[in-house]
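Scroll down for the structure; my scribbles are underneath it.
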Amino acid sequence: MAIDSNFTYTEAYLACPECDLVHAVPSIREGEQGRCIRCGALLFVRHKDSLDRALAFAMTGLMFFILANMFPLLTFEMEGRSESNRLIDGAIAFWTAGYWELGIVVFIFSVVAPLAVLLVLITLLLPMRLGKAPPSPQLQVRILTHLKPWAMSEIFILGIIVAFVKLQDFADVSVGLSLFAFVLMVAATVMAYMTLDEGALWSRLKEIQA
Ligand SMILES: [Zn+2]
């Protein structure tokens with residue numbers, strides 16, 4: 001759904017994506033949806049408890065982010081001794097090997113972007129849950145929109161790291177607890193994005209500010 005911070009669901013007009021028929025958008029309650037009166041195409045959905053569920057997913061994601069950074073991601077066994085790597089070590093390894101550009105990219109993908117998404121989600125939704133206005137909702141939503149492709153593609157970076165490690169058969173590689181935590185964190189982040197209903201966000205914000 002396109003993001004327009006000035007858009008309010010109760011007052012705006014909306015053209016049907018299928019047949020272009022313009023509708024005056026009514027005020028709909030959570031759990032309801034609006035369809036085109038001519039062709040029946042879905043115009044908008046107000047998911048039930050969208051904001052609370054997105055907040056729950058974001059907080060779950062933050063918990064998994066912390067776990068992902070506490071435990072080893074991968075453990076290498078070589079000649080009887082084992083070496084564990086944390087999430088951050090992927091970036092450090094590239095950096096110290098001289099591939100500093102790659103190190104920065106991996107650092108952004110594996111640490112900065114996921115944490116930024118989760119913190120922006122929580123600082124946006126937690127105040128609203130408590131009936132307060134978030135610090136800068138328009139900016140926060142814009143940041144979330146920009147970071148969405150990053151959040152969605154973290155899983156690919158993870159796949160590349162694992163594939164890279166698996167290719168090296170000089171060592172036995174076992175998967176650590178952090179890898180599962182990281183996968184669950186990405187899943188929770190994607191779920192937070194999917195459940196967050198912007199229409200509900202702006203109308204809740206209007207209620208708070210009123
Ligand atoms: Zn239509």
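Here, A, B, ... name the chains of the structure tokens in the order displayed, residue numbers run from 1 inside each chain, and ligands are numbered from 1 in the same displayed order.
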>> 7 Å from ligand 1 is the threshold here; counting only C-alpha atoms and all ligand atoms, which polymer residues fall inside it? Answer as a list of chain:residue names.
In response: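 Written in the requested form, the residues are A:Cys16, A:Pro17, A:Glu18, A:Cys19, A:Asp20, A:Leu21, A:Cys36, A:Ile37, A:Arg38, A:Cys39, A:Gly40, A:Ala41.
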Those same residues - all heavy atoms - I'd like them written as a compact mmCIF listing (two decimals), in the first residue's frame.
```txt
# COMPACT_ATOMS: atom_id res chain seq x y z
N CYS A 16 -10.81 2.67 -7.48
CA CYS A 16 -10.70 1.22 -7.52
C CYS A 16 -9.51 0.83 -8.40
O CYS A 16 -9.35 1.34 -9.50
CB CYS A 16 -11.97 0.60 -8.09
SG CYS A 16 -11.81 -1.16 -8.41
N PRO A 17 -8.63 -0.05 -7.91
CA PRO A 17 -7.45 -0.43 -8.70
C PRO A 17 -7.81 -1.21 -9.97
O PRO A 17 -7.03 -1.24 -10.91
CB PRO A 17 -6.64 -1.31 -7.73
CG PRO A 17 -7.62 -1.78 -6.71
CD PRO A 17 -8.67 -0.72 -6.61
N GLU A 18 -9.02 -1.81 -9.99
CA GLU A 18 -9.42 -2.62 -11.14
C GLU A 18 -10.18 -1.79 -12.18
O GLU A 18 -9.89 -1.85 -13.36
CB GLU A 18 -10.31 -3.80 -10.69
CG GLU A 18 -9.65 -4.76 -9.72
CD GLU A 18 -8.48 -5.53 -10.33
OE1 GLU A 18 -8.53 -5.81 -11.55
OE2 GLU A 18 -7.51 -5.82 -9.60
N CYS A 19 -11.16 -1.02 -11.72
CA CYS A 19 -12.04 -0.36 -12.69
C CYS A 19 -12.03 1.16 -12.58
O CYS A 19 -12.77 1.84 -13.29
CB CYS A 19 -13.47 -0.90 -12.57
SG CYS A 19 -14.32 -0.34 -11.08
N ASP A 20 -11.23 1.71 -11.69
CA ASP A 20 -11.06 3.16 -11.54
C ASP A 20 -12.27 3.92 -11.00
O ASP A 20 -12.27 5.15 -10.99
CB ASP A 20 -10.60 3.81 -12.87
CG ASP A 20 -9.19 3.37 -13.24
OD1 ASP A 20 -8.41 3.09 -12.30
OD2 ASP A 20 -8.89 3.30 -14.43
N LEU A 21 -13.27 3.19 -10.57
CA LEU A 21 -14.43 3.88 -10.00
C LEU A 21 -14.01 4.53 -8.67
O LEU A 21 -13.39 3.90 -7.82
CB LEU A 21 -15.56 2.86 -9.74
CG LEU A 21 -16.86 3.45 -9.17
CD1 LEU A 21 -17.55 4.33 -10.21
CD2 LEU A 21 -17.80 2.35 -8.71
N CYS A 36 -15.04 -2.66 -3.97
CA CYS A 36 -15.60 -1.80 -5.02
C CYS A 36 -17.07 -2.17 -5.24
O CYS A 36 -17.40 -3.35 -5.35
CB CYS A 36 -14.79 -1.98 -6.30
SG CYS A 36 -15.49 -1.09 -7.70
N ILE A 37 -17.93 -1.14 -5.30
CA ILE A 37 -19.36 -1.43 -5.46
C ILE A 37 -19.69 -1.87 -6.89
O ILE A 37 -20.72 -2.45 -7.15
CB ILE A 37 -20.26 -0.20 -5.09
CG1 ILE A 37 -19.81 1.05 -5.87
CG2 ILE A 37 -20.20 0.05 -3.59
CD1 ILE A 37 -20.83 2.17 -5.82
N ARG A 38 -18.77 -1.60 -7.83
CA ARG A 38 -19.03 -2.00 -9.22
C ARG A 38 -18.45 -3.37 -9.56
O ARG A 38 -19.14 -4.24 -10.06
CB ARG A 38 -18.46 -0.95 -10.18
CG ARG A 38 -18.81 -1.24 -11.65
CD ARG A 38 -18.78 0.00 -12.49
NE ARG A 38 -17.43 0.51 -12.71
CZ ARG A 38 -17.16 1.73 -13.18
NH1 ARG A 38 -18.15 2.57 -13.47
NH2 ARG A 38 -15.92 2.11 -13.34
N CYS A 39 -17.15 -3.58 -9.24
CA CYS A 39 -16.52 -4.83 -9.68
C CYS A 39 -16.14 -5.74 -8.52
O CYS A 39 -15.73 -6.88 -8.73
CB CYS A 39 -15.30 -4.53 -10.55
SG CYS A 39 -13.89 -3.91 -9.60
N GLY A 40 -16.27 -5.26 -7.30
CA GLY A 40 -16.01 -6.13 -6.15
C GLY A 40 -14.54 -6.25 -5.76
O GLY A 40 -14.21 -7.02 -4.86
N ALA A 41 -13.66 -5.49 -6.42
CA ALA A 41 -12.23 -5.56 -6.08
C ALA A 41 -12.02 -5.04 -4.66
O ALA A 41 -12.72 -4.14 -4.19
CB ALA A 41 -11.42 -4.73 -7.06
```
If you take only C-alpha atoms and a cut-off of 8 Å, which residues of region 43-77 of chain A touch region 180-203 of chain A, and what are their nearest atom pairs and distances in Å to one decimal, in chain and number order, as CSV?
```
residue,atom,partner,partner_atom,distance
A:Arg46,CA,A:Ala200,CA,6.5
A:His47,CA,A:Asp197,CA,6.7
A:Ser50,CA,A:Leu196,CA,5.5
A:Leu51,CA,A:Leu196,CA,5.8
A:Arg53,CA,A:Thr195,CA,6.7
A:Ala54,CA,A:Ala192,CA,4.3
A:Leu55,CA,A:Ala192,CA,7.0
A:Ala56,CA,A:Ala192,CA,7.8
A:Phe57,CA,A:Ala192,CA,5.1
A:Ala58,CA,A:Ala192,CA,5.8
A:Thr60,CA,A:Ala188,CA,6.5
A:Gly61,CA,A:Met185,CA,4.4
A:Leu62,CA,A:Met185,CA,7.1
A:Met63,CA,A:Met185,CA,7.9
A:Phe64,CA,A:Met185,CA,5.1
A:Phe65,CA,A:Met185,CA,5.9
A:Leu67,CA,A:Ala181,CA,6.1
A:Ala68,CA,A:Ala181,CA,5.0
```
Give me a file of those residues, with N, CA, C and O atoms, as a PDB file, in the first residue's frame.
```pdb
ATOM      1  N   ARG A  46      -9.127  -3.314   7.054  1.00  0.00           N
ATOM      2  CA  ARG A  46      -8.693  -2.858   8.372  1.00  0.00           C
ATOM      3  C   ARG A  46      -8.506  -4.116   9.210  1.00  0.00           C
ATOM      4  O   ARG A  46      -9.464  -4.709   9.665  1.00  0.00           O
ATOM      5  N   HIS A  47      -7.251  -4.545   9.297  1.00  0.00           N
ATOM      6  CA  HIS A  47      -6.981  -5.784  10.026  1.00  0.00           C
ATOM      7  C   HIS A  47      -7.287  -5.618  11.502  1.00  0.00           C
ATOM      8  O   HIS A  47      -7.093  -4.549  12.061  1.00  0.00           O
ATOM      9  N   SER A  50      -4.383  -4.746  14.329  1.00  0.00           N
ATOM     10  CA  SER A  50      -3.178  -4.664  13.494  1.00  0.00           C
ATOM     11  C   SER A  50      -1.987  -4.067  14.239  1.00  0.00           C
ATOM     12  O   SER A  50      -0.888  -4.612  14.212  1.00  0.00           O
ATOM     13  N   LEU A  51      -2.213  -2.944  14.935  1.00  0.00           N
ATOM     14  CA  LEU A  51      -1.092  -2.243  15.571  1.00  0.00           C
ATOM     15  C   LEU A  51      -0.526  -3.045  16.739  1.00  0.00           C
ATOM     16  O   LEU A  51       0.692  -3.138  16.898  1.00  0.00           O
ATOM     17  N   ARG A  53      -0.688  -6.279  17.126  1.00  0.00           N
ATOM     18  CA  ARG A  53      -0.011  -7.483  16.638  1.00  0.00           C
ATOM     19  C   ARG A  53       1.344  -7.139  16.032  1.00  0.00           C
ATOM     20  O   ARG A  53       2.327  -7.847  16.255  1.00  0.00           O
ATOM     21  N   ALA A  54       1.408  -6.016  15.300  1.00  0.00           N
ATOM     22  CA  ALA A  54       2.687  -5.587  14.724  1.00  0.00           C
ATOM     23  C   ALA A  54       3.684  -5.285  15.844  1.00  0.00           C
ATOM     24  O   ALA A  54       4.866  -5.636  15.752  1.00  0.00           O
ATOM     25  N   LEU A  55       3.199  -4.647  16.913  1.00  0.00           N
ATOM     26  CA  LEU A  55       4.065  -4.343  18.059  1.00  0.00           C
ATOM     27  C   LEU A  55       4.566  -5.632  18.715  1.00  0.00           C
ATOM     28  O   LEU A  55       5.759  -5.753  19.037  1.00  0.00           O
ATOM     29  N   ALA A  56       3.683  -6.617  18.858  1.00  0.00           N
ATOM     30  CA  ALA A  56       4.073  -7.893  19.455  1.00  0.00           C
ATOM     31  C   ALA A  56       5.142  -8.580  18.597  1.00  0.00           C
ATOM     32  O   ALA A  56       6.127  -9.105  19.123  1.00  0.00           O
ATOM     33  N   PHE A  57       4.963  -8.545  17.278  1.00  0.00           N
ATOM     34  CA  PHE A  57       5.959  -9.145  16.396  1.00  0.00           C
ATOM     35  C   PHE A  57       7.291  -8.399  16.487  1.00  0.00           C
ATOM     36  O   PHE A  57       8.361  -9.015  16.493  1.00  0.00           O
ATOM     37  N   ALA A  58       7.235  -7.073  16.570  1.00  0.00           N
ATOM     38  CA  ALA A  58       8.467  -6.282  16.650  1.00  0.00           C
ATOM     39  C   ALA A  58       9.225  -6.575  17.940  1.00  0.00           C
ATOM     40  O   ALA A  58      10.451  -6.702  17.947  1.00  0.00           O
ATOM     41  N   THR A  60       8.997  -9.321  19.724  1.00  0.00           N
ATOM     42  CA  THR A  60       9.511 -10.685  19.578  1.00  0.00           C
ATOM     43  C   THR A  60      10.795 -10.660  18.752  1.00  0.00           C
ATOM     44  O   THR A  60      11.780 -11.321  19.090  1.00  0.00           O
ATOM     45  N   GLY A  61      10.763  -9.882  17.677  1.00  0.00           N
ATOM     46  CA  GLY A  61      11.927  -9.746  16.806  1.00  0.00           C
ATOM     47  C   GLY A  61      13.129  -9.193  17.549  1.00  0.00           C
ATOM     48  O   GLY A  61      14.251  -9.681  17.376  1.00  0.00           O
ATOM     49  N   LEU A  62      12.894  -8.202  18.419  1.00  0.00           N
ATOM     50  CA  LEU A  62      13.992  -7.599  19.190  1.00  0.00           C
ATOM     51  C   LEU A  62      14.597  -8.618  20.151  1.00  0.00           C
ATOM     52  O   LEU A  62      15.827  -8.687  20.301  1.00  0.00           O
ATOM     53  N   MET A  63      13.726  -9.427  20.754  1.00  0.00           N
ATOM     54  CA  MET A  63      14.209 -10.483  21.648  1.00  0.00           C
ATOM     55  C   MET A  63      15.109 -11.466  20.879  1.00  0.00           C
ATOM     56  O   MET A  63      16.195 -11.820  21.346  1.00  0.00           O
ATOM     57  N   PHE A  64      14.669 -11.859  19.692  1.00  0.00           N
ATOM     58  CA  PHE A  64      15.471 -12.772  18.881  1.00  0.00           C
ATOM     59  C   PHE A  64      16.752 -12.103  18.377  1.00  0.00           C
ATOM     60  O   PHE A  64      17.773 -12.760  18.218  1.00  0.00           O
ATOM     61  N   PHE A  65      16.696 -10.784  18.136  1.00  0.00           N
ATOM     62  CA  PHE A  65      17.902 -10.061  17.729  1.00  0.00           C
ATOM     63  C   PHE A  65      18.963 -10.138  18.828  1.00  0.00           C
ATOM     64  O   PHE A  65      20.137 -10.378  18.571  1.00  0.00           O
ATOM     65  N   LEU A  67      19.166 -12.412  21.224  1.00  0.00           N
ATOM     66  CA  LEU A  67      19.642 -13.801  21.289  1.00  0.00           C
ATOM     67  C   LEU A  67      20.619 -14.098  20.155  1.00  0.00           C
ATOM     68  O   LEU A  67      21.634 -14.765  20.356  1.00  0.00           O
ATOM     69  N   ALA A  68      20.308 -13.568  18.961  1.00  0.00           N
ATOM     70  CA  ALA A  68      21.153 -13.831  17.792  1.00  0.00           C
ATOM     71  C   ALA A  68      22.554 -13.260  17.970  1.00  0.00           C
ATOM     72  O   ALA A  68      23.507 -13.724  17.349  1.00  0.00           O
TER      73      ALA A  68
END
```
> Which parts of chain A does DSSP call strand (DSSP E or B) when run on the backbone here, written out as a PyMOL selection string?
Replying inline: chain A and resi 13-15+22-24+33-35+42-45+74-78+81-85+172-175
>> So that I can check the secondary structure, give me every residue of region 24-126 of chain A assigned helix (DSSP H, G or I) by backbone DSSP, as a VMD selection string.
In response: chain A and resid 50 to 70 87 to 96 100 to 126
